[in-house]
Amino acid sequence: MKPIFAFLLTIGLCLPVAMAQESAQPAHWRFSDGAEFPGAAGSFALDEKGAGHLAFDFSQGGSYVGAYNDFLKPLHLAGVSFKVRKPVGAHLTARIVDSTGQTLQEPLFFEHGDWQPVRMDMVGFDGYFGGANDGLFHPPAKAFAILVESKDLDESVGEVAFKDVVFHLAAAGASGDPESPLYKGEYVVTAFDAQGGMNARLPHTLEDGRWKVDFSASDSALLGGSMSLLGTPQELMLTVEGGAPGMKLEIQMASHFQGFSRTIGALNGGTQTFTFPVPPEGWDHSGGENDGKVRLPLRITRVTLRRGTAAKGGYEIRLGALRCRTLVSRVDPVVLLSSAAVRENQKASTTCTAFNLLADAVTGAIHMKARDWEGAVLAEDRQAWTLPGKGVPTTLDFPMPLPADRNFVEVEYRFEVEGLESAETRTTYTRPFDGTIDPTLKPGSPWGMGVYLYRYPKGEPMERAAVMAAKAGVKWSREEFSWGRIETAPGVYNFDFYDSVVDTAMQQGISVYGLLSYWGRFTKPYTQEGIDDFCTWTRAVVRHFKGRVKHWEVYNEPNIFFWQGPKDLYPVLLKQCYAAIKEEDPEAVVLGISTAGIDTDFIQLCLDAEAPLDILTVHPYRGYFSEKMFMRELRDVAAMVNDKPVWITEMGWSTQVGASHERRQAQLLARCYLSAVASGACQNISWYDFRNDGDDPFYNEANFGVIHRDFTPKPAYRALATVCRTFGASIGKSRDKKQENSQAARSKDHKSRLWPSHFDQGLPQALALPDGLYGLRAGDVSALWSSSAPYRLPVTLAENTTVQNLMGETLSPPTTDGQQALILRPGAPVFLQGAYTITGKPVRMEGSVERSEILF
């Protein structure tokens with residue numbers, strides 16, 4: 001039979017049942033030019049091997065093109081898997097159209113140009129519109145599509161190829177519904193014990209579910225924490241005993257920058273069970289974006305008891321387990337978490353914890369594999385493992401190898417059981433770094449970090465964070481100066497806490513730039529009166545810290561929901577604030593606009609309003625990273641502001657479950673820092689943020705840090721130290737005039753020239769390397785890396801030249817036929833100190849990269 005672009009329809013991937021296959025005909029496919037955004041062109045065709053080729057041409061505009069498969073008959077899908085190859089910088093989107101006509105979609109991120117396996121399941125969509133418009137898949141599906149978007153492409157003309165598309169059909173769920181790809185699960189969210197994740201605030205206490213509240217001096221008591229709900233939660237059940245009639249119990253929940261609250265019932269003093277649905281229906285919106293869309297995962301953040309009409313005094317309430325009924329797909333009936341540690345006896349171990357959300361126990365095998373930074377396997381193990389049902393946590397411990405010459409170990413776990421998709425997790429151990437501190441302030445350094453000392457109490461915790469940052473070579477910290485915290489009464493300012501913040505940073509050689517935000521308690525936000533009050537407060541802050549803080553950033557991300565007023569009012573604030581700051585301290589430097597992303601429309605709005613600034617600040621968060629695209633964006637936005645300096649005051653990737661793993665976060669940090677400076681347009685970069693904001697492994701905002709909540713390092717901390725310390729000594733040194741003239745003469749085009757401020761600061765300079773390879777050099781120090789594919793780079797190293805990887809481990813470059821070479825693995829910079837010569841063209845190393853399947 002002649003090969004066609006075949007779709008294998010697979011029945012029963014959630015439970016062990018028979019398999020069936022069926023082919024879809026090529027005639028099902030059609031091309032879409034995204035006509036609602038005119039200008040795009042292209043085509044879709046199949047080659048002789050059955051692979052599909054989606055050609056795009058955005059030279060005349062447009063937003064996207066797509067290849068759509070309209071099903072001849074609706075399909076009860078559990079998921080879709082396929083392989084795709086794209087230009088490195090291309091943004092892809094996969095779409096499903098359900099029975100209501102709702103389009104559900106997920107972006108697809110990866111940073112290479114090779115074939116990438118992908119799997120999309122019918123749960124947890126990133127975007128949706130039309131039809132039911134609720135973000136839930138209503139089977140059966142009518143169509144599937146793969147789109148390529150016009151934004152951020154290196155070339156406006158090209159193609160995306162995909163093959164081996166498999167439609168996975170749903171078996172009957174636990175409810176017996178053959179049209180549902182989801183299964184009903186139930187598990188204990190918390191038992192309100194010591195490991196329950198909820199804590200009482202004094203004078204109230206919580207111990208083993210006994211909540212003792214003291215209403216003699218207050219009318220409410222609360223338990224706080226952050227517990228993400230697994231799967232697609234449907235409803236919660238909580239049993240309560242005790243209290244008194246007249247009391248009311250409230251639950252607060254949150255999703256990404258959204259808050260919800262609900263009174264779940266009134267206590268009667270006896271035993272009661274409250275059952276209630278999850279947001280948004282029946283819940284009050286208590287903060288953040290209010291667009292009617294709930295973003296998973298949902299989190300329990302607070303349980304509040306109101307005294308109501310009950311008498312004052314002390315009470316005891318016994319809390320039973322908080323249970324959650326949830327829907328789980330074929331990829332997440334089993335959830336794995338893992339951790340690694342070195343105990344007091346210096347024995348390294350790793351732990352895997354499993355939650356089986358199905359009703360019945362399952363028996364399978366757990367596979368463990370430990371690797372070092374270079375990918376060498378250090379240990380492997382396999383054990384049989386039975387997991388009880390209903391989400392009861394089960395743990396296994398394994399010894400973890402930790403060779404004396406390794407600073408990093410990564411442990412991968414995979415649980416396999418017949419009839420279920422495998423569950424996977426990975427954890428890392430990073431050896432603590434004890435570098436020396438340079439207490440000298442170096443305002444010319446580009447190496448910043450959101451250390452955010454203002455989030456710590458005064459004293460040891462604050463100093464501990466500053467010391468760890470300084471040991472890593474951090475020379476700048478972004479610190480939020482809160483109007484509401486400083487102005488304690490109208491016109492009354494208390495700077496004691498912020499004196500500690502600034503002094504603690506400076507004692508460790510870290511300069512502070514202050515973020516002036518948000519609105520105070522005694523003003524009228526988003527009015528002219530409010531702006532005048534903001535400037536009065538700003539004057540007081542700048543006056544107090546004159547001589548210690550010289551850089552001030554006016555507000556945070558006013559282009560999104562952090563600014564609730566008219567957008568054209570922000571330039572008014574910036575203009576008046578700029579004048580106020582300069583009048584108090586003529587030498588002060590004003591940072592402004594501070595957009596989430598690089599929002600050129602908002603930046604242009606501010607420029608059109610003639611809002612002044614000395615440095616443009618941006619927060620170029622993104623799902624995936626392309627050096628070429630990133631550097632181009634920085635150069636373009638610098639040109640927008642007439643070559644003023646550009647600082648990145650936030651950028652980062654979280655390591656929550658299902659997002660970037662810790663190895664990748666470390667690689668991305670290094671690539672961002674090195675590429676920002678290599679762009680020639682960015683003079684300072686800070687990561688968001690230094691320490692994890694919480695312990696919830698599923699919540700993205702809790703996991704951006706380069707150190708864990710307990711101050712143990714992630715690999716990103718080692719990466720930060722390697723980048724900042726390797727290049728730290730070279731910052732500000734006099735430049736070779738010949739190099740300066742040569743670099744400045746490269747081009748008159750702003751896309752390739754070097755910004756004057758780079759010469760003023762003596763920053764490292766980009767190396768000219770073949771496409772796909774990048775380098776940065778300062779004196780005898782260099783960093784070299786590949787963006788997406790492995791290369792072997794022929795070199796000759798001087799006798800005393802050292803080579804290190806991103807974890808600070810010494811490497812011995814291999815020699816073949818007398819020729820030395822550097823192995824540049826994708827996204828993993830290597831660092832050279834000393835003389836070297838590149839002696840030949842880089843050679844791509846085929847077949848040496850494993851591409852793990854992307855789940856979304």
# chains A, B, ... in the order shown; residues from 1 in each chain; ligands from 1
call {"tool": "residues_around", "arguments": {"residues": "Ser594 of chain A", "least_positions_apart": "4", "cutoff": "7 Å", "atoms": "only C-alpha atoms", "output": "list in words"}}
result
Asn556, Glu557, Thr617, Val618 and His619 of chain A
call {"tool": "write_last_selection", "arguments": {"atoms": "C-alpha atoms", "output": "mmCIF file, in the first residue's frame"}}
result
data_model
loop_
_atom_site.group_PDB
_atom_site.id
_atom_site.type_symbol
_atom_site.label_atom_id
_atom_site.label_comp_id
_atom_site.auth_asym_id
_atom_site.auth_seq_id
_atom_site.Cartn_x
_atom_site.Cartn_y
_atom_site.Cartn_z
ATOM 1 C CA ASN A 556 6.082 47.351 38.035
ATOM 2 C CA GLU A 557 4.504 45.972 34.850
ATOM 3 C CA THR A 617 13.317 48.180 31.803
ATOM 4 C CA VAL A 618 11.622 45.077 30.406
ATOM 5 C CA HIS A 619 10.619 41.607 31.623
#
call {"tool": "residues_around", "arguments": {"residues": "Ala798 of chain A", "least_positions_apart": "4", "cutoff": "9 Å", "atoms": "only C-alpha atoms", "output": "JSON, numbers by chain"}}
result
{"A": [802, 834, 835, 836, 837]}
call {"tool": "closest_atom_pairs", "arguments": {"of": "segment 402-499 of chain A", "to": "segment 810-816 of chain A", "cutoff": "12 Å", "atoms": "only C-alpha atoms", "output": "tab-separated table"}}
result
residue	atom	partner	partner_atom	distance
A:Asp405	CA	A:Thr810	CA	8.5
A:Arg406	CA	A:Thr810	CA	9.2
A:Asn407	CA	A:Thr810	CA	10.3
call {"tool": "residues_around", "arguments": {"residues": "segment 241-252 of chain A", "least_positions_apart": "3", "cutoff": "10 Å", "atoms": "only C-alpha atoms", "output": "VMD selection string"}}
result
chain A and resid 210 to 213 219 to 224 259 to 274 283 to 286 299 to 311 314 to 320
call {"tool": "closest_residue", "arguments": {"among": "A:Ala348, A:Glu410, A:Ser786, A:Pro203", "to": "His112 of chain A", "atoms": "only C-alpha atoms"}}
result
A:Ser786
call {"tool": "residues_around", "arguments": {"residues": "Ala609 of chain A", "least_positions_apart": "2", "cutoff": "10 Å", "atoms": "only C-alpha atoms", "output": "mmCIF file with N, CA and C atoms, in the first residue's frame"}}
result
data_model
loop_
_atom_site.group_PDB
_atom_site.id
_atom_site.type_symbol
_atom_site.label_atom_id
_atom_site.label_comp_id
_atom_site.auth_asym_id
_atom_site.auth_seq_id
_atom_site.Cartn_x
_atom_site.Cartn_y
_atom_site.Cartn_z
ATOM 1 N N ASP A 568 -2.973 55.081 29.721
ATOM 2 C CA ASP A 568 -2.316 56.336 29.364
ATOM 3 C C ASP A 568 -2.061 57.230 30.577
ATOM 4 N N LEU A 569 -2.449 56.751 31.774
ATOM 5 C CA LEU A 569 -2.128 57.495 32.989
ATOM 6 C C LEU A 569 -0.730 57.153 33.496
ATOM 7 N N TYR A 570 -0.215 55.979 33.134
ATOM 8 C CA TYR A 570 1.141 55.630 33.596
ATOM 9 C C TYR A 570 2.196 56.608 33.080
ATOM 10 N N PRO A 571 2.193 56.999 31.804
ATOM 11 C CA PRO A 571 3.196 57.988 31.373
ATOM 12 C C PRO A 571 3.129 59.291 32.164
ATOM 13 N N VAL A 572 1.943 59.661 32.630
ATOM 14 C CA VAL A 572 1.817 60.855 33.468
ATOM 15 C C VAL A 572 2.569 60.645 34.780
ATOM 16 N N LYS A 575 6.362 60.670 34.095
ATOM 17 C CA LYS A 575 6.864 62.018 33.821
ATOM 18 C C LYS A 575 7.025 62.814 35.120
ATOM 19 N N ILE A 603 5.289 50.488 25.205
ATOM 20 C CA ILE A 603 6.493 51.330 25.197
ATOM 21 C C ILE A 603 6.278 52.525 24.278
ATOM 22 N N GLN A 604 5.698 52.276 23.098
ATOM 23 C CA GLN A 604 5.458 53.378 22.168
ATOM 24 C C GLN A 604 4.447 54.365 22.739
ATOM 25 N N LEU A 605 3.427 53.861 23.461
ATOM 26 C CA LEU A 605 2.462 54.751 24.100
ATOM 27 C C LEU A 605 3.173 55.714 25.041
ATOM 28 N N CYS A 606 4.120 55.200 25.815
ATOM 29 C CA CYS A 606 4.864 56.043 26.759
ATOM 30 C C CYS A 606 5.773 57.022 26.022
ATOM 31 N N LEU A 607 6.396 56.567 24.952
ATOM 32 C CA LEU A 607 7.273 57.455 24.183
ATOM 33 C C LEU A 607 6.462 58.557 23.512
ATOM 34 N N ALA A 611 7.143 60.591 27.948
ATOM 35 C CA ALA A 611 7.525 60.242 29.309
ATOM 36 C C ALA A 611 9.041 60.012 29.349
ATOM 37 N N PRO A 612 9.779 60.732 30.177
ATOM 38 C CA PRO A 612 11.237 60.618 30.176
ATOM 39 C C PRO A 612 11.717 59.409 30.984
#
call {"tool": "decode", "arguments": {"residues": "segment 236-365 of chain A", "atoms": "C-alpha atoms", "output": "CSV table (one decimal), in the first residue's frame"}}
result
chain,number,residue,atom,x,y,z
A,236,LEU,CA,-14.3,19.4,47.8
A,237,MET,CA,-15.5,17.8,51.0
A,238,LEU,CA,-14.7,18.8,54.5
A,239,THR,CA,-15.9,17.3,57.8
A,240,VAL,CA,-16.0,19.6,60.8
A,241,GLU,CA,-16.8,18.9,64.5
A,242,GLY,CA,-17.3,21.4,67.2
A,243,GLY,CA,-17.3,25.2,67.3
A,244,ALA,CA,-20.5,27.0,68.1
A,245,PRO,CA,-23.7,28.1,66.4
A,246,GLY,CA,-23.3,31.4,64.6
A,247,MET,CA,-19.8,30.7,63.4
A,248,LYS,CA,-19.1,30.7,59.7
A,249,LEU,CA,-16.4,28.8,57.8
A,250,GLU,CA,-14.8,30.3,54.6
A,251,ILE,CA,-12.4,28.9,52.1
A,252,GLN,CA,-10.0,30.9,50.0
A,253,MET,CA,-8.6,29.5,46.8
A,254,ALA,CA,-6.2,30.9,44.1
A,255,SER,CA,-5.0,30.2,40.6
A,256,HIS,CA,-2.3,32.1,38.7
A,257,PHE,CA,-2.7,35.7,39.9
A,258,GLN,CA,-6.4,35.1,40.7
A,259,GLY,CA,-8.2,34.8,44.1
A,260,PHE,CA,-11.5,33.3,45.0
A,261,SER,CA,-13.4,33.1,48.3
A,262,ARG,CA,-16.6,31.4,49.5
A,263,THR,CA,-18.5,30.8,52.7
A,264,ILE,CA,-19.0,27.1,52.8
A,265,GLY,CA,-21.4,27.0,55.7
A,266,ALA,CA,-22.4,27.9,59.2
A,267,LEU,CA,-21.3,25.7,62.2
A,268,ASN,CA,-23.9,24.2,64.5
A,269,GLY,CA,-21.6,22.9,67.2
A,270,GLY,CA,-22.0,19.3,66.0
A,271,THR,CA,-20.5,17.2,63.3
A,272,GLN,CA,-21.1,18.5,59.8
A,273,THR,CA,-19.8,17.7,56.3
A,274,PHE,CA,-19.6,20.5,53.8
A,275,THR,CA,-19.5,19.6,50.1
A,276,PHE,CA,-18.9,22.5,47.6
A,277,PRO,CA,-17.7,22.9,44.0
A,278,VAL,CA,-14.5,24.6,43.0
A,279,PRO,CA,-14.4,28.1,41.4
A,280,PRO,CA,-15.7,30.0,39.7
A,281,GLU,CA,-19.4,29.2,40.1
A,282,GLY,CA,-20.7,30.3,43.5
A,283,TRP,CA,-17.4,32.0,44.5
A,284,ASP,CA,-16.5,35.6,44.9
A,285,HIS,CA,-13.6,37.0,42.9
A,286,SER,CA,-11.2,38.4,45.4
A,287,GLY,CA,-8.3,39.6,43.3
A,288,GLY,CA,-6.2,39.4,40.1
A,289,GLU,CA,-7.6,38.9,36.6
A,290,ASN,CA,-11.3,38.6,36.5
A,291,ASP,CA,-12.0,37.2,33.1
A,292,GLY,CA,-14.2,34.3,34.2
A,293,LYS,CA,-11.4,31.8,33.3
A,294,VAL,CA,-9.8,29.7,36.0
A,295,ARG,CA,-6.2,28.7,35.4
A,296,LEU,CA,-5.1,25.4,36.8
A,297,PRO,CA,-3.8,24.3,39.1
A,298,LEU,CA,-6.2,25.6,41.7
A,299,ARG,CA,-4.8,26.0,45.2
A,300,ILE,CA,-6.2,26.1,48.7
A,301,THR,CA,-4.6,29.1,50.3
A,302,ARG,CA,-6.7,29.8,53.4
A,303,VAL,CA,-9.4,28.5,55.7
A,304,THR,CA,-11.0,31.2,57.8
A,305,LEU,CA,-13.3,30.8,60.8
A,306,ARG,CA,-15.6,33.8,61.6
A,307,ARG,CA,-16.9,34.2,65.1
A,308,GLY,CA,-20.2,35.7,63.9
A,309,THR,CA,-22.8,35.7,66.6
A,310,ALA,CA,-21.0,33.2,68.8
A,311,ALA,CA,-19.8,34.3,72.2
A,312,LYS,CA,-16.3,35.5,72.7
A,313,GLY,CA,-13.9,33.0,74.2
A,314,GLY,CA,-11.9,29.9,73.3
A,315,TYR,CA,-13.1,27.0,71.1
A,316,GLU,CA,-11.9,23.8,69.6
A,317,ILE,CA,-12.8,22.7,66.1
A,318,ARG,CA,-11.8,19.2,64.9
A,319,LEU,CA,-11.1,19.2,61.2
A,320,GLY,CA,-11.4,16.0,59.3
A,321,ALA,CA,-9.5,15.3,56.1
A,322,LEU,CA,-10.2,17.7,53.3
A,323,ARG,CA,-10.9,15.5,50.3
A,324,CYS,CA,-11.0,16.4,46.6
A,325,ARG,CA,-13.0,14.7,43.8
A,326,THR,CA,-11.2,15.3,40.6
A,327,LEU,CA,-11.0,14.2,37.0
A,328,VAL,CA,-7.7,12.7,35.8
A,329,SER,CA,-6.6,11.9,32.3
A,330,ARG,CA,-4.6,9.0,31.0
A,331,VAL,CA,-1.4,10.8,31.7
A,332,ASP,CA,-1.9,11.8,35.3
A,333,PRO,CA,-3.8,9.1,37.2
A,334,VAL,CA,-0.4,8.6,39.0
A,335,VAL,CA,1.6,11.7,40.1
A,336,LEU,CA,5.2,11.4,41.1
A,337,LEU,CA,7.3,13.8,43.2
A,338,SER,CA,11.0,13.4,44.0
A,339,SER,CA,13.7,15.0,46.1
A,340,ALA,CA,17.4,14.5,46.9
A,341,ALA,CA,19.5,15.3,49.9
A,342,VAL,CA,22.7,14.7,51.7
A,343,ARG,CA,21.9,13.7,55.3
A,344,GLU,CA,23.9,14.6,58.4
A,345,ASN,CA,25.8,11.3,58.1
A,346,GLN,CA,26.9,12.5,54.6
A,347,LYS,CA,25.0,9.7,52.9
A,348,ALA,CA,23.3,11.0,49.7
A,349,SER,CA,19.8,9.6,49.0
A,350,THR,CA,16.8,10.4,46.9
A,351,THR,CA,13.1,9.8,47.5
A,352,CYS,CA,10.2,9.3,45.2
A,353,THR,CA,6.7,9.8,46.4
A,354,ALA,CA,3.7,8.6,44.4
A,355,PHE,CA,0.0,9.5,44.4
A,356,ASN,CA,-2.4,7.1,42.6
A,357,LEU,CA,-5.6,9.0,42.1
A,358,LEU,CA,-7.6,6.0,40.8
A,359,ALA,CA,-9.9,4.2,43.2
A,360,ASP,CA,-8.0,0.9,43.1
A,361,ALA,CA,-4.4,0.0,43.8
A,362,VAL,CA,-2.0,-0.5,40.9
A,363,THR,CA,1.2,-2.6,40.8
A,364,GLY,CA,4.0,-1.7,38.4
A,365,ALA,CA,7.7,-1.0,38.4
